[in-house]
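S.K.: Take a look at the following structure, please.
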Number of protein chains: 2
Amino acid sequence: MRVPPGVTSQDFSTALEQFAKAIGREWVFTSDDDVDLYRDSYSPFWHEPEEPIPSAALAPDGVEQVQAVVKIADTYKIPLWAISTGRNLAYGGSAPRLSGTVVLDLKRMGRVLEVNEPNAYALVEPGVSYFDLYRHIQDQKLKVWIDPPDPGWGSPLGNSLERGGGRTPMHDHFAQVCGLEVVLADGTVMRTGMGALPGSKTWQQYKYGFGPYVDGLFSQSNFGVVTKMGVWLMPAPEAYRETSVFVPKHDDLIPFVETLSYLTDLEVCRGTMLLESPVLAYRAAHGGSVLDMPGGPTVAETERMAEQNGLAYWSMVLRFWGPPKIIDAQWGYAKEKFSAIPGAQFKEGVYYKFPVDPNSLPPDTLKVALGIPNLSVFGLLGPTDGHMDFSPIIPMNGETVFEVLKVFGQAYADLKVPPSYQFFALPWYFFPRAFVLLFGFPITHDVEKNKKTREVFKHMIEVAAAHGWGEYRTHTAFMDTVSGVYSYNNHALHRLHETIKDAVDPNGILSPGKSGIWPKRMRKTTA
Amino acid sequence: MRVPPGVTSQDFSTALEQFAKAIGREWVFTSDDDVDLYRDSYSPFWHEPEEPIPSAALAPDGVEQVQAVVKIADTYKIPLWAISTGRNLAYGGSAPRLSGTVVLDLKRMGRVLEVNEPNAYALVEPGVSYFDLYRHIQDQKLKVWIDPPDPGWGSPLGNSLERGGGRTPMHDHFAQVCGLEVVLADGTVMRTGMGALPGSKTWQQYKYGFGPYVDGLFSQSNFGVVTKMGVWLMPAPEAYRETSVFVPKHDDLIPFVETLSYLTDLEVCRGTMLLESPVLAYRAAHGGSVLDMPGGPTVAETERMAEQNGLAYWSMVLRFWGPPKIIDAQWGYAKEKFSAIPGAQFKEGVYYKFPVDPNSLPPDTLKVALGIPNLSVFGLLGPTDGHMDFSPIIPMNGETVFEVLKVFGQAYADLKVPPSYQFFALPWYFFPRAFVLLFGFPITHDVEKNKKTREVFKHMIEVAAAHGWGEYRTHTAFMDTVSGVYSYNNHALHRLHETIKDAVDPNGILSPGKSGIWPKRMRKTTA
């Protein structure tokens with residue numbers, strides 16, 4: 001039997017017995033076969049002793065069972081790693097940060113507690129996946145849309161609290177959270193926002209409540225176990241259109257991004273948008289790189305490549321949701337604004353007026369942009385065993401994109417890794433007012449390769465930090481490193497996180513190491 | 001010399017001497033004449049011993065001086081009440097919650113540190129007022145709008161952290177906050193979000209940073225002194241139009257609000273909107289009430305009154321900001337949707353294409369909707385000495401509005417106060433997805449009247465809570481009462497607030513009693 005660190009076998013056995021009494025013996029998993037299902041499916045430590053392996057898993061159902069589990073864990077100082085569906089595979093899956101942690105699997109709590117159509121919100125439990133919520137809404141024929149992330153098997157609760165996103169105008173998922181129910185480390189159940197008012201009528205309609213607004217404390221953190229979450233939905237729009245913009249020259253990116261920024265800040269363009277470069281994609285496909293490698297082709301050479309092959313330098317798909325006349329006016333205005341860039345070209349894409357039968361959609365449809373959860377993104381990924389995402393936030397301007405391509409090109413050269421070693425996406429407009437980069441580093445069964453990848457990953461974090469760019473989220477394996485670069489004034493923010501951690505979880509049982517936050521008793525040995 | 005509670009005269013003198021060394025003697029105010037300027041200009045305790053009166057005031061300039069002040073206060077356990085411009089007169093002005101508290105006046109920190117036009121944000125200090133920021137932007141001829149609250153003399157920092165709002169699409173002010181600098185109770189200076197990354201390039205462009213998102217902790221709270229704040233602005237729109245919608249019957253409110261909810265959730269209609277009732281205003285002007293008083297006119301009678309006088313039952317001004325073709329399409333669509341209500345009527349209002357000379361605007365222009373700060377709202381208020389706002393959040397549906405009119409009508413009858421005793425506004429769409437009511441209770445120089453008003457105010461809080469409606473904000477005098485009704489599970493959220501308070505401010509020096517949160521050493525005597 002695996003045992004959590006610092007816990008005696010005897011205490012652990014006693015605790016397991018108590019867990020069994022609290023939630024039913026069949027929901028306490030201790031056999032290696034069962035527990036191994038909770039290991040990271042794509043661990044960067046595959047076949048190495050550092051891979052964090054849980055000691056057990058518990059699957060309570062209902063907030064009272066969660067309270068009971070937390071109280072027992074608090075008594076015996078047993079670390080718990082709370083997961084909802086555990087599907088954020090690029091960031092660590094269902095595995096804990098620390099070997100021996102007990103996984104608190106909330107998948108059984110899969111009830112859609114409410115979907116309100118006129119006010120467009122839902123109240124969900126942790127185990128509700130995007131598929132579940134979508135099906136529930138379809139079954140009830142409610143005219144609201146969800147905003148699924150690219151793979152739809154995760155949960156609104158988990159994805160929103162990890163501050164992930166989707167593609168529709170509701171893409172910033174944490175911004176759609178309205179009201180939490182949280183079990184604290186001492187077993188207290190608490191409701192935030194208007195939920196703190198008994199019999200509240202606006203728990204899912206007004207976020208902030210009275211006094212300090214604490215919801216953010218429960219995102220990317222280990223300060224409590226969230227057992228219910230309100231999430232705002234989008235009223236089903238009447239129509240949807242996809243369009244594309246192309247500009248010919250390298251330097252066009254500067255007015256291109258400035259225009260995009262203006263249009264998004266005005267809410268003329270909404271939803272997630274990906275910067276693309278037809279010519280850089282071509283260059284990469286012909287032995288070059290999207291990145292600006294030292295000694296690689298110059299801007300002039302690449303512009304010639306673009307011209308010779310009839311390729312734009314930069315492009316972007318714009319999407320519009322809403323009443324036809326409004327989205328037509330929005331697209332018209334976007335065209336007018338982008339037309340200020342000489343040589344700008346436009347392409348009309350699909351145009352749907354709803355209802356549309358999801359089964360009638362062409363196979364290359366980006367279904368998530370239509371609020372339909374699916375798993376097709378996995379078909380797009382390269383032939384790797386798995387990947388983990390490096391995702392720094394960068395300023396939303398063209399000059400920074402040029403700098404990024406150069407800085408990471410240089411980093412790759414310095415590390416002597418081929419540019420094709422990883423998946424790299426040009427900036428996404430994924431959060432309001434900022435760009436995020438997405439690098440996908442491969443995880444393989446080759447220990448040496450994984451070691452090298454980890455080294456590259458750490459170096460990338462440091463290179464980014466040296467330029468003032470920081471990650472919005474990271475794989476469990478790099479939480480300490482990323483947390484470490486957020487070091488302003490001798491890690492003042494991190495020290496506040498620790499102060500709060502010690503106050504709300506004095507025995508340090510909840511998700512030790514999450515986002516680099518360790519409980520006091522583990523701090524010295526791990527820092 | 002007034003002395004803070006629990007502090008010896010000797011310690012206070014020593015501390016004042018140290019404050020003078022830290023920030024300059026001329027910025028330490030101790031004479032009654034000087035300190036009285038910080039009293040609540042409209043205290044509900046006027047001429048009563050309960051009026052909280054500060055013992056001194058300090059006006060540091062710069063974060064280092066704030067750090068120095070906080071460290072000295074922490075040493076001598078001197079309570080500080082931080083204010084920016086101290087102008088939220090309906091909620092307590094610049095006066096502390098607790099008599100003897102030293103006001104920490106941040107008005108001298110009035111620097112606009114940055115306004116970024118392409119990414120539409122500003123970085124401001126606490127003492128920057130909406131007027132200051134507006135003038136700065138006008139002087140620099142930047143094409144961005146601010147979103148001032150009705151009286152423009154407050155500060156973006158104070159208003160946003162109190163979770164106030166304005167009228168444009170940026171009306172939810174806390175939602176526009178991006179990045180804080182905070183001085184903690186031990187004098188540590190901390191930056192949140194991306195500001196925790198030294199040399200960060202996206203402090204004002206991405207809110208959440210890495211790990212727990214803590215900005216909400218510093219809203220309506222006493223966990224730190226905020227010394228810098230990022231705030232998102234709106235790109236200057238090309239045009240603006242005002243329109244109105246009218247519906248004839250009482251029950252029309254149900255589809256009216258449902259349509260409004262749909263249009264706002266889709267972002268077709270944006271900005272703050274006020275429900276109005278021409279017939280109820282008429283009824284109130286003729287000896288009746290907007291509220292549904294027991295024994296008052298029936299719905300049928302009021303509908304007849306509406307018909308006989310050619311008045312709509314319900315109406316609303318809608319405002320649109322953006323490119324002309326888009327706002328025309330948005331208004332067209334709103335009309336189409338509201339037209340589903342039989343007898344709906346529409347009125348075109350002003351239509352501006354910018355630039356427009358602010359001096360050319362008609363005197364009745366709602367300038368704040370054009371991003372122009374002003375003080376004209378004070379001309380609209382009744383002939384009272386002052387007022388304090390009771391502002392509960394209610395669900396966004398017509399049925400609740402009916403219930404509200406009845407419940408508060410009954411409350412007024414029970415309390416035997418005339419409906420004309422207070423200013424009452426029908427629901428505002430002031431925050432996304434919710435309605436807020438606004439009652440303005442008069443403050444006078446008549447002690448007995450103020451006593452009665454306080455009694456009414458408390459009763460209103462309790463009546464609202466009994467119906468599941470809670471205040472979004474309150475006057476210092478009622479912070480304990482409002483905090484008290486947010487009591488789910490034996491005040492679990494409040495207890496979390498206290499746990500955090502004790503952890504981050506163990507000596508309890510920062511704004512004791514703010515939002516009902518008292519430091520440990522004052523908790524027993526005040527709870």
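To be explicit about the labels: the chains of the structure tokens are called A, B, and onward in the order shown, and within each one the residues are counted from 1, while ligands get numbers from 1 in the order they are shown.
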If you fit chain B onto chain A using every C-alpha atom, paired in order, what RMSD in Å do you get?
M.R.: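 Computed value for the CA RMSD is 0.0 Å.
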S.K.: Hey, what's within 12 Å of A:Ile372 if we count only C-alpha atoms and toss same-chain stuff fewer than 5 positions away? As a ChimeraX atom specification, please?
M.R.: /A:130-135,137-138,144-153,166-168,236,356-359,361,365-367
S.K.: Please write the residues from the selection above to a file, keeping C-alpha atoms, as a PDB file, in the first residue's frame.
M.R.:
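Now in part03.pdb:
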```pdb
ATOM      1  CA  TYR A 130     -19.205  20.150 -21.162  1.00  0.00           C
ATOM      2  CA  PHE A 131     -20.823  17.184 -22.906  1.00  0.00           C
ATOM      3  CA  ASP A 132     -23.178  16.661 -19.942  1.00  0.00           C
ATOM      4  CA  LEU A 133     -24.202  20.306 -19.811  1.00  0.00           C
ATOM      5  CA  TYR A 134     -24.668  20.464 -23.570  1.00  0.00           C
ATOM      6  CA  ARG A 135     -26.845  17.326 -23.580  1.00  0.00           C
ATOM      7  CA  ILE A 137     -29.576  21.861 -22.514  1.00  0.00           C
ATOM      8  CA  GLN A 138     -30.406  20.046 -25.762  1.00  0.00           C
ATOM      9  CA  VAL A 144     -28.714  28.939 -24.442  1.00  0.00           C
ATOM     10  CA  TRP A 145     -25.201  28.088 -25.566  1.00  0.00           C
ATOM     11  CA  ILE A 146     -22.292  26.770 -23.588  1.00  0.00           C
ATOM     12  CA  ASP A 147     -18.707  27.728 -24.441  1.00  0.00           C
ATOM     13  CA  PRO A 148     -16.721  24.491 -24.591  1.00  0.00           C
ATOM     14  CA  PRO A 149     -12.916  24.458 -24.663  1.00  0.00           C
ATOM     15  CA  ASP A 150     -11.360  22.629 -27.599  1.00  0.00           C
ATOM     16  CA  PRO A 151     -11.642  19.181 -26.016  1.00  0.00           C
ATOM     17  CA  GLY A 152     -15.130  18.992 -24.525  1.00  0.00           C
ATOM     18  CA  TRP A 153     -14.599  16.264 -21.961  1.00  0.00           C
ATOM     19  CA  GLY A 166     -13.304  28.532 -25.276  1.00  0.00           C
ATOM     20  CA  ARG A 167     -14.006  30.183 -28.617  1.00  0.00           C
ATOM     21  CA  THR A 168     -17.335  32.029 -28.404  1.00  0.00           C
ATOM     22  CA  ALA A 236     -28.553  31.210 -28.466  1.00  0.00           C
ATOM     23  CA  VAL A 356     -28.775  24.108 -37.847  1.00  0.00           C
ATOM     24  CA  ASP A 357     -28.633  20.333 -37.494  1.00  0.00           C
ATOM     25  CA  PRO A 358     -25.214  19.638 -35.921  1.00  0.00           C
ATOM     26  CA  ASN A 359     -25.015  16.458 -37.994  1.00  0.00           C
ATOM     27  CA  LEU A 361     -22.093  20.474 -40.490  1.00  0.00           C
ATOM     28  CA  THR A 365     -16.314  22.799 -38.813  1.00  0.00           C
ATOM     29  CA  LEU A 366     -14.880  24.305 -35.659  1.00  0.00           C
ATOM     30  CA  LYS A 367     -17.786  22.999 -33.615  1.00  0.00           C
TER      31      LYS A 367
END
```
S.K.: How many Å separate atom CA of B:Tyr121 from atom CA of B:His173?
M.R.: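 The value is 12.8 Å.
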S.K.: Would you give me, as a PyMOL selection string, the residues of chain A that come within 7 Å of chain B, using only C-alpha atoms?
M.R.: chain A and resi 118-119+190-192+196-202+205-206+209-214+216-221+234-235+258+261-262+265-266+325-326+329-330+394-395+433-434+468-473+483+485-489+492-493+499-500+503+515
S.K.: Just the number, please: distance in Å from atom CA of B:Lys21 to atom CA of B:Ala57, one decimal.
M.R.: 14.7 Å
S.K.: Can you tell me, as an MDAnalysis selection string, what residues are no more than 12 Å from stretch 445-460 of chain A when counting only C-alpha atoms, ignoring any on the same chain fewer than 5 positions away?
M.R.: chainID A and resid 41:51 384:392 404 407:419 421:422 437:440 465:467 469:471 474:475 477:485
S.K.: Have a look at atom CA of A:Ala464 and atom CA of A:Val290 and let me know their distance in Å, one decimal.
M.R.: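 Atom CA of A:Val290 lies 17.6 Å from atom CA of A:Ala464.
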S.K.: Please run DSSP on the backbone and report, as a PyMOL selection string, all residues within stretch 49-215 of chain A that come out as strand (DSSP E or B).
M.R.: chain A and resi 56-58+80-83+102-105+112-116+121-124+144-145+165+172+177-183+189-191
